[in-house]
file coords13.cif (mmCIF, C-alpha atoms and all ligand atoms)
data_upload
loop_
_atom_site.label_atom_id
_atom_site.label_comp_id
_atom_site.auth_asym_id
_atom_site.auth_seq_id
_atom_site.Cartn_x
_atom_site.Cartn_y
_atom_site.Cartn_z
CA MET A 1 159.43 42.38 140.10
CA GLU A 2 161.87 44.30 142.30
CA LEU A 3 159.94 46.76 144.40
CA THR A 4 161.37 50.26 144.52
CA LEU A 5 160.23 53.78 145.28
CA ALA A 6 159.49 54.14 141.56
CA ALA A 7 156.72 51.52 141.85
CA VAL A 8 155.15 53.44 144.73
CA LEU A 9 155.34 56.71 142.78
CA ASP A 10 153.65 54.95 139.83
CA ALA A 11 150.96 53.70 142.19
CA LEU A 12 150.38 57.22 143.50
CA ARG A 13 149.73 58.38 139.94
CA ARG A 14 147.45 55.42 139.12
CA ILE A 15 145.22 55.75 142.19
CA ARG A 16 144.80 59.53 141.95
CA GLY A 17 141.11 60.40 141.95
CA LEU A 18 140.15 56.76 142.69
CA ALA A 19 141.53 56.20 146.19
CA ASP A 20 141.51 59.42 148.16
CA ALA A 21 144.45 61.40 149.47
CA THR A 22 143.36 61.27 153.12
CA PRO A 23 143.78 63.96 155.81
CA MET A 24 146.38 63.81 158.59
CA VAL A 25 145.41 65.47 161.88
CA PRO A 26 147.21 65.97 165.19
CA SER A 27 146.16 64.11 168.34
CA ALA A 28 146.71 66.52 171.21
CA TYR A 29 145.87 63.82 173.74
CA LEU A 30 148.28 61.17 172.48
CA GLY A 31 150.91 63.85 172.01
CA ARG A 32 150.62 64.83 175.67
CA ARG A 33 150.74 61.19 176.73
CA ILE A 34 154.05 60.46 175.01
CA GLY A 35 155.66 63.90 175.03
CA HIS A 36 155.99 64.08 171.23
CA GLU A 37 153.75 65.37 168.50
CA VAL A 38 151.42 62.59 167.22
CA LEU A 39 149.72 62.75 163.81
CA LEU A 40 146.83 60.52 162.78
CA LYS A 41 146.63 59.52 159.11
CA LEU A 42 142.91 58.99 158.55
CA GLU A 43 142.59 56.02 156.21
CA THR A 44 139.27 55.59 158.04
CA VAL A 45 137.74 58.16 155.66
CA GLN A 46 138.83 56.29 152.52
CA PRO A 47 135.90 55.02 150.39
CA GLY A 48 135.20 51.52 151.71
CA GLY A 49 136.47 52.57 155.13
CA SER A 50 140.08 51.36 154.91
CA PHE A 51 143.41 51.94 153.17
CA LYS A 52 142.90 48.71 151.19
CA LEU A 53 141.38 50.70 148.32
CA ARG A 54 144.89 51.97 147.48
CA GLY A 55 146.43 48.56 146.83
CA ALA A 56 143.31 47.14 145.18
CA THR A 57 143.00 50.13 142.84
CA ASN A 58 146.67 49.95 141.89
CA ALA A 59 146.60 46.18 141.29
CA ILE A 60 143.43 46.35 139.19
CA ALA A 61 144.74 49.32 137.18
CA ALA A 62 147.83 47.24 136.35
CA LEU A 63 145.82 44.29 134.90
CA PRO A 64 146.08 43.60 131.19
CA PRO A 65 142.99 44.45 129.10
CA GLY A 66 140.50 41.63 128.47
CA VAL A 67 140.57 40.10 131.98
CA PRO A 68 137.01 38.79 132.62
CA GLY A 69 137.03 39.66 136.31
CA VAL A 70 138.91 39.47 139.58
CA VAL A 71 138.88 37.18 142.61
CA CYS A 72 140.37 37.58 146.08
CA CYS A 73 140.31 36.21 149.58
CA SER A 74 139.91 38.64 152.43
CA THR A 75 139.35 39.21 156.14
CA GLY A 76 136.80 41.77 154.94
CA ASN A 77 138.36 45.09 154.05
CA HIS A 78 140.41 43.91 151.10
CA GLY A 79 137.31 42.25 149.66
CA ARG A 80 135.33 45.45 149.95
CA ALA A 81 138.14 47.43 148.33
CA VAL A 82 138.51 44.92 145.49
CA ALA A 83 134.74 45.02 144.95
CA LEU A 84 134.79 48.84 144.74
CA ALA A 85 137.90 49.02 142.55
CA ALA A 86 136.53 46.32 140.20
CA ARG A 87 133.18 48.06 139.94
CA ALA A 88 134.96 51.33 139.06
CA ARG A 89 136.51 49.47 136.11
CA GLY A 90 133.34 47.58 135.19
CA LEU A 91 134.81 44.20 136.17
CA ARG A 92 133.16 41.22 137.86
CA ALA A 93 134.50 40.59 141.39
CA VAL A 94 134.32 37.40 143.48
CA VAL A 95 135.35 37.63 147.15
CA CYS A 96 136.20 34.51 149.20
CA LEU A 97 135.80 34.82 152.98
CA SER A 98 136.22 32.59 156.00
CA ASP A 99 133.32 32.30 158.42
CA LEU A 100 135.28 34.45 160.94
CA VAL A 101 134.55 37.61 158.94
CA PRO A 102 132.04 39.79 160.85
CA GLU A 103 128.57 40.11 159.31
CA ALA A 104 128.89 43.90 158.92
CA LYS A 105 131.88 43.39 156.62
CA VAL A 106 130.15 40.62 154.64
CA ALA A 107 127.15 42.88 154.02
CA ALA A 108 129.37 45.78 152.91
CA ILE A 109 131.14 43.58 150.36
CA ARG A 110 127.80 42.42 148.99
CA ASP A 111 126.63 46.06 148.78
CA ALA A 112 129.77 46.95 146.83
CA GLY A 113 128.57 44.57 144.13
CA ALA A 114 130.79 41.50 144.62
CA GLU A 115 129.79 37.84 144.53
CA LEU A 116 130.57 36.12 147.85
CA ARG A 117 131.95 32.67 148.62
CA ILE A 118 132.12 31.67 152.30
CA ALA A 119 134.87 29.07 152.55
CA GLY A 120 135.59 27.37 155.86
CA GLY A 121 137.07 28.49 159.14
CA SER A 122 140.33 30.15 158.15
CA GLN A 123 141.84 32.74 155.87
CA ASP A 124 143.98 29.97 154.33
CA ALA A 125 140.85 28.03 153.34
CA ALA A 126 139.44 31.15 151.69
CA ALA A 127 142.76 31.67 149.88
CA GLN A 128 142.58 28.16 148.43
CA VAL A 129 139.08 28.74 147.08
CA ALA A 130 140.22 32.03 145.51
CA ARG A 131 143.15 30.29 143.84
CA ARG A 132 140.87 27.57 142.43
CA LEU A 133 138.40 30.12 141.05
CA ALA A 134 141.24 32.04 139.44
CA ARG A 135 142.38 28.88 137.70
CA ASP A 136 138.95 27.50 136.74
CA GLU A 137 137.27 30.72 135.63
CA GLY A 138 140.22 32.72 134.32
CA LEU A 139 139.76 35.45 136.91
CA ALA A 140 142.73 37.60 137.90
CA GLU A 141 143.67 36.96 141.51
CA ILE A 142 144.19 40.09 143.61
CA PRO A 143 146.01 38.88 146.74
CA PRO A 144 145.42 40.81 149.98
CA PHE A 145 149.07 41.56 150.80
CA ASP A 146 151.73 39.36 149.15
CA ASN A 147 151.85 41.10 145.79
CA PRO A 148 154.08 43.91 144.46
CA ALA A 149 151.21 46.03 143.09
CA ILE A 150 149.33 45.75 146.39
CA ILE A 151 152.41 46.61 148.45
CA ALA A 152 153.23 49.58 146.19
CA GLY A 153 149.63 50.83 146.47
CA GLN A 154 149.66 50.69 150.27
CA GLY A 155 153.06 52.45 150.27
CA THR A 156 151.45 55.58 148.83
CA ILE A 157 150.23 56.35 152.37
CA ALA A 158 153.82 56.99 153.47
CA LEU A 159 154.48 59.33 150.54
CA GLU A 160 151.45 61.44 151.49
CA MET A 161 152.47 61.49 155.17
CA LEU A 162 156.04 62.54 154.45
CA ALA A 163 155.00 65.11 151.85
CA ALA A 164 152.87 66.75 154.54
CA ARG A 165 155.37 66.26 157.38
CA PRO A 166 158.95 65.53 156.27
CA ASP A 167 160.02 65.77 159.93
CA LEU A 168 158.23 62.56 161.02
CA ARG A 169 160.71 60.28 162.81
CA THR A 170 158.55 57.23 163.56
CA LEU A 171 155.65 55.61 161.70
CA ILE A 172 153.43 53.14 163.56
CA VAL A 173 151.67 50.70 161.27
CA PRO A 174 149.08 47.97 161.93
CA LEU A 175 150.59 44.64 160.89
CA SER A 176 148.91 41.52 159.56
CA GLY A 177 150.08 40.02 156.27
CA GLY A 178 152.48 42.95 156.00
CA GLY A 179 151.40 44.51 152.70
CA LEU A 180 150.74 47.80 154.45
CA ALA A 181 153.87 47.71 156.59
CA ALA A 182 156.10 46.60 153.72
CA GLY A 183 154.84 49.30 151.36
CA VAL A 184 154.96 52.03 153.98
CA ALA A 185 158.44 51.06 155.17
CA LEU A 186 159.77 50.76 151.62
CA ALA A 187 158.49 54.18 150.57
CA ALA A 188 159.22 55.95 153.87
CA LYS A 189 162.81 54.75 154.11
CA ALA A 190 163.50 55.55 150.46
CA VAL A 191 162.46 59.14 151.16
CA GLN A 192 163.76 59.40 154.74
CA PRO A 193 166.35 56.69 155.56
CA GLY A 194 166.61 57.45 159.28
CA LEU A 195 162.90 57.08 159.91
CA ARG A 196 161.78 54.17 162.14
CA VAL A 197 158.84 51.97 161.19
CA ILE A 198 157.09 49.94 163.89
CA GLY A 199 154.56 47.18 163.18
CA VAL A 200 151.78 46.39 165.67
CA SER A 201 149.53 43.32 165.93
CA MET A 202 147.20 41.71 168.45
CA ASP A 203 148.76 39.08 170.71
CA ARG A 204 146.30 36.34 169.65
CA GLY A 205 147.53 35.02 166.32
CA ALA A 206 150.10 37.62 165.21
CA ALA A 207 151.33 35.80 162.12
CA MET A 208 153.95 38.27 160.85
CA HIS A 209 155.31 39.09 164.30
CA LEU A 210 155.80 35.37 165.07
CA SER A 211 157.20 34.68 161.60
CA LEU A 212 159.78 37.46 161.98
CA GLN A 213 160.81 36.01 165.34
CA ALA A 214 161.08 32.51 163.83
CA GLY A 215 162.93 33.75 160.74
CA ARG A 216 160.45 32.03 158.41
CA PRO A 217 156.66 32.08 157.80
CA VAL A 218 154.86 30.22 160.59
CA GLU A 219 151.23 29.17 160.85
CA VAL A 220 149.00 30.67 163.49
CA HIS A 221 145.76 29.54 165.03
CA GLU A 222 143.07 32.07 164.09
CA VAL A 223 140.82 33.35 166.85
CA PRO A 224 138.29 36.18 166.99
CA SER A 225 139.79 39.56 167.95
CA LEU A 226 138.73 43.19 168.22
CA ALA A 227 141.41 43.58 165.55
CA ASP A 228 139.75 41.08 163.20
CA SER A 229 141.36 42.76 160.18
CA LEU A 230 144.75 41.63 161.50
CA GLY A 231 143.82 37.92 161.51
CA GLY A 232 145.10 35.21 159.20
CA GLY A 233 148.46 33.72 158.25
CA ILE A 234 151.09 35.20 155.94
CA GLY A 235 151.17 32.15 153.65
CA ALA A 236 153.80 29.40 153.85
CA GLY A 237 155.01 30.38 150.38
CA ASN A 238 155.18 34.10 151.11
CA ARG A 239 157.27 35.76 148.39
CA HIS A 240 157.28 39.49 149.05
CA SER A 241 155.83 40.91 152.26
CA PHE A 242 157.75 38.68 154.70
CA ALA A 243 161.18 39.49 153.22
CA LEU A 244 160.37 43.20 153.05
CA CYS A 245 159.13 43.29 156.64
CA GLN A 246 162.21 41.36 157.73
CA ARG A 247 164.47 43.89 156.02
CA LEU A 248 162.60 47.12 156.75
CA LEU A 249 160.67 46.95 160.03
CA ASP A 250 162.61 48.26 163.00
CA GLU A 251 160.35 46.74 165.66
CA THR A 252 157.15 44.77 166.01
CA HIS A 253 154.89 44.71 169.07
CA VAL A 254 151.78 42.82 170.11
CA LEU A 255 148.91 44.04 172.27
CA THR A 256 146.19 42.43 174.38
CA GLU A 257 142.51 42.80 173.52
CA ALA A 258 142.11 45.09 176.55
CA GLU A 259 144.90 47.34 175.26
CA ILE A 260 143.31 47.45 171.80
CA ALA A 261 139.97 48.38 173.38
CA ARG A 262 141.69 51.24 175.20
CA GLY A 263 143.18 52.47 171.93
CA MET A 264 139.71 52.55 170.38
CA GLN A 265 138.41 54.44 173.42
CA ALA A 266 141.22 57.01 173.35
CA LEU A 267 140.67 57.74 169.66
CA PHE A 268 136.93 58.04 170.18
CA TRP A 269 136.73 60.07 173.40
CA GLU A 270 139.82 62.25 172.96
CA ASP A 271 140.01 62.66 169.17
CA GLY A 272 136.46 61.97 167.98
CA GLN A 273 137.75 59.25 165.66
CA VAL A 274 136.00 55.97 164.95
CA ALA A 275 138.54 53.21 164.27
CA GLU A 276 138.09 49.45 164.20
CA GLY A 277 140.41 47.44 166.47
CA ALA A 278 143.04 47.01 163.75
CA GLY A 279 142.97 50.74 163.09
CA ALA A 280 143.49 51.57 166.76
CA VAL A 281 146.57 49.45 167.52
CA GLY A 282 148.94 52.39 166.97
CA ALA A 283 147.10 54.49 169.53
CA ALA A 284 146.98 51.46 171.83
CA LEU A 285 150.75 51.05 171.53
CA LEU A 286 151.33 54.68 172.51
CA LEU A 287 149.21 54.16 175.64
CA SER A 288 151.16 51.04 176.62
CA ARG A 289 154.49 50.75 178.41
CA GLN A 290 156.03 49.51 175.15
CA ALA A 291 156.01 53.10 173.83
CA ALA A 292 158.82 54.25 176.14
CA ALA A 293 161.59 54.80 173.60
CA ILE A 294 159.57 56.09 170.64
CA ARG A 295 161.00 59.15 168.91
CA GLY A 296 158.75 61.93 167.62
CA PRO A 297 157.07 63.40 165.73
CA VAL A 298 155.11 60.15 165.35
CA GLY A 299 152.76 59.27 162.50
CA LEU A 300 150.01 56.71 163.24
CA ILE A 301 148.04 55.06 160.47
CA LEU A 302 144.37 54.69 161.43
CA SER A 303 143.99 51.90 158.90
CA GLY A 304 140.23 51.38 158.92
CA ARG A 305 136.88 51.99 160.55
CA ASN A 306 134.84 48.95 159.54
CA THR A 307 133.42 47.44 162.65
CA ASP A 308 130.09 46.20 163.81
CA MET A 309 128.85 49.49 165.28
CA SER A 310 126.95 47.90 168.15
CA ALA A 311 130.18 46.16 169.25
CA PHE A 312 132.05 49.45 168.78
CA VAL A 313 129.61 51.23 171.08
CA ARG A 314 130.04 48.51 173.70
CA VAL A 315 133.82 48.91 173.55
CA VAL A 316 133.89 52.69 173.82
CA THR A 317 131.28 52.74 176.60
CA GLY A 318 133.25 50.22 178.63
CA GLN A 319 130.93 47.21 178.43
CA ASP A 320 132.10 43.60 178.16
CA VAL A 321 132.49 42.29 174.61
CA ARG A 322 132.31 38.60 173.78
CA LEU A 323 134.68 37.31 171.10
CA GLY A 324 133.95 33.62 170.56
CA ASP A 325 134.64 32.08 173.98
CA HIS A 326 136.86 34.99 175.08
CA VAL A 327 135.37 37.95 176.94
CA VAL A 328 137.09 41.33 176.79
CA ARG A 329 136.25 42.90 180.15
CA GLY A 330 134.87 46.39 179.71
CA GLN A 331 136.35 49.38 181.49
CA ALA A 332 135.00 52.89 181.12
CA TRP A 333 137.38 55.36 179.46
CA ASP A 334 139.35 57.43 181.91
CA ALA A 335 141.93 59.67 180.30
CA THR A 336 144.12 59.67 183.37
CA TYR A 337 145.09 56.01 183.53
C1 LIG B 1 144.30 44.69 156.06
C2 LIG B 1 144.29 45.59 157.21
C3 LIG B 1 145.43 45.76 158.01
C4 LIG B 1 146.71 44.96 157.81
O1 LIG B 1 147.26 45.07 156.53
P1 LIG B 1 148.33 43.98 156.02
O2 LIG B 1 148.78 44.49 154.73
O3 LIG B 1 147.62 42.67 155.92
O4 LIG B 1 149.40 43.90 157.05
C5 LIG B 1 145.37 46.68 159.04
N1 LIG B 1 144.26 47.38 159.30
C6 LIG B 1 143.14 47.25 158.56
C7 LIG B 1 141.95 48.07 158.91
C8 LIG B 1 143.12 46.36 157.49
O5 LIG B 1 142.00 46.24 156.77
#
call {"tool": "encode", "arguments": {"input": "coords13.cif", "output": "structure tokens"}}
result
Amino acid sequence: MELTLAAVLDALRRIRGLADATPMVPSAYLGRRIGHEVLLKLETVQPGGSFKLRGATNAIAALPPGVPGVVCCSTGNHGRAVALAARARGLRAVVCLSDLVPEAKVAAIRDAGAELRIAGGSQDAAAQVARRLARDEGLAEIPPFDNPAIIAGQGTIALEMLAARPDLRTLIVPLSGGGLAAGVALAAKAVQPGLRVIGVSMDRGAAMHLSLQAGRPVEVHEVPSLADSLGGGIGAGNRHSFALCQRLLDETHVLTEAEIARGMQALFWEDGQVAEGAGAVGAALLLSRQAAAIRGPVGLILSGRNTDMSAFVRVVTGQDVRLGDHVVRGQAWDATY
């Protein structure tokens, strides 16, 4: 299937009333910091706490009748979204997770009514289990990012942003498997060809960023991160999101854990927004030196808010946070640095 703006417009119609049209609000603080207007697209208030409900709802709406249920692998948020979207259609959902997924996300997926399978130490291992279940039990597989219906669903965010603010000149998008970035870039550039789209990842295991540099999908070693939703590979046989990101992303950047923590702090203390690490990378980029040449007005996608709240409180109050054998040194928020 060739992905076009028409697919994103279809997705917008399909998800209406099921995945919310979210608010977009200005950040006076970030705007002052970079000297351009900055607008925050609050996918944090989406049911399930992330934008993933858009793609999941669109993909499940596009299934043929008579499917006995759905299966997916996930770093957490996609699984929760698939569980919610399946439940809305009365379908069975099975979610396959690696043991890196934080407990808060596991519990939320269970609460959304899905069956859970914990499958090994990587997202790729979870993907293999999902594929086997799809084959053995006749379940429809709902991939987390490398799928046209998912990409089109995520792209609806850009249509909402540009409908509200056609003058946006840069969109900053959290980047993992690239479903979000591909969909957003596809839709945004179809509507507004001169607009720049920038993808942002953490520097520890940035699969798409490294794959774009290498010119082909590369494997990454997965490690715990404040931006746990950005973990995992892009799949050696990637068919859609890699090529779209290659064609449509203007820049990609990576950030340290300390920079991501600062992004979470800025959003919390200056804007009253709760974002998980993955949702805060856009803000973190604007606070970093890498933001020098960004043109405004800038739209940032706060992609999700699902984090272990006790870890979140430690981050925003400047305490050390342990991630596996890595310690992110805490620093209290100080708006002047
Ligand atoms: C999934 C996710 C991303 C990354 O989306 P991709 O389509 O995999 O690039 C970013 N932020 C949050 C909160 C997510 O759940």
call {"tool": "atom_distance", "arguments": {"input": "coords13.cif", "atom1": "atom CA of Gly304 of chain A", "atom2": "atom CA of Ser211 of chain A"}}
result
24.0 Å
call {"tool": "residues_near_point", "arguments": {"input": "coords13.cif", "point": "(141.2, 47.2, 177.1)", "cutoff": "10 Å", "atoms": "only C-alpha atoms", "output": "list in words"}}
result
Leu255, Thr256, Glu257, Ala258, Glu259, Ile260, Ala261, Arg262, Gly263, Met264, Gln265, Ala284, Val315, Val316, Gly318, Asp320, Val328, Arg329, Gly330, Gln331, Ala332 and Trp333 of chain A
call {"tool": "residues_around", "arguments": {"input": "coords13.cif", "residues": "Gly235 of chain A", "least_positions_apart": "6", "cutoff": "8 Å", "atoms": "all atoms listed in the file", "output": "JSON, numbers by chain"}}
result
{"A": [124, 217, 219]}
call {"tool": "write_last_selection", "arguments": {"input": "coords13.cif", "atoms": "C-alpha atoms", "output": "mmCIF file, in the frame of the given file"}}
result
data_model
loop_
_atom_site.group_PDB
_atom_site.id
_atom_site.type_symbol
_atom_site.label_atom_id
_atom_site.label_comp_id
_atom_site.auth_asym_id
_atom_site.auth_seq_id
_atom_site.Cartn_x
_atom_site.Cartn_y
_atom_site.Cartn_z
ATOM 1 C CA ASP A 124 143.980 29.970 154.330
ATOM 2 C CA PRO A 217 156.660 32.080 157.800
ATOM 3 C CA GLU A 219 151.230 29.170 160.850
#
call {"tool": "closest_residue", "arguments": {"input": "coords13.cif", "among": "A:Ala21, A:Glu43, A:Leu12, A:Gly35", "to": "Ile301 of chain A", "atoms": "all atoms listed in the file"}}
result
A:Glu43
call {"tool": "atom_distance", "arguments": {"input": "coords13.cif", "atom1": "atom CA of Pro26 of chain A", "atom2": "atom CA of Val281 of chain A"}}
result
16.7 Å
call {"tool": "residues_near_ligand", "arguments": {"input": "coords13.cif", "ligand": "ligand LIG 1 (chain B)", "cutoff": "6 Å", "atoms": "only C-alpha atoms and all ligand atoms", "output": "number ranges by chain"}}
result
A: 50, 77, 145, 174-181, 229-230, 278-279, 303-304
call {"tool": "atom_distance", "arguments": {"input": "coords13.cif", "atom1": "atom CA of Cys96 of chain A", "atom2": "atom CA of Leu18 of chain A"}}
result
23.5 Å
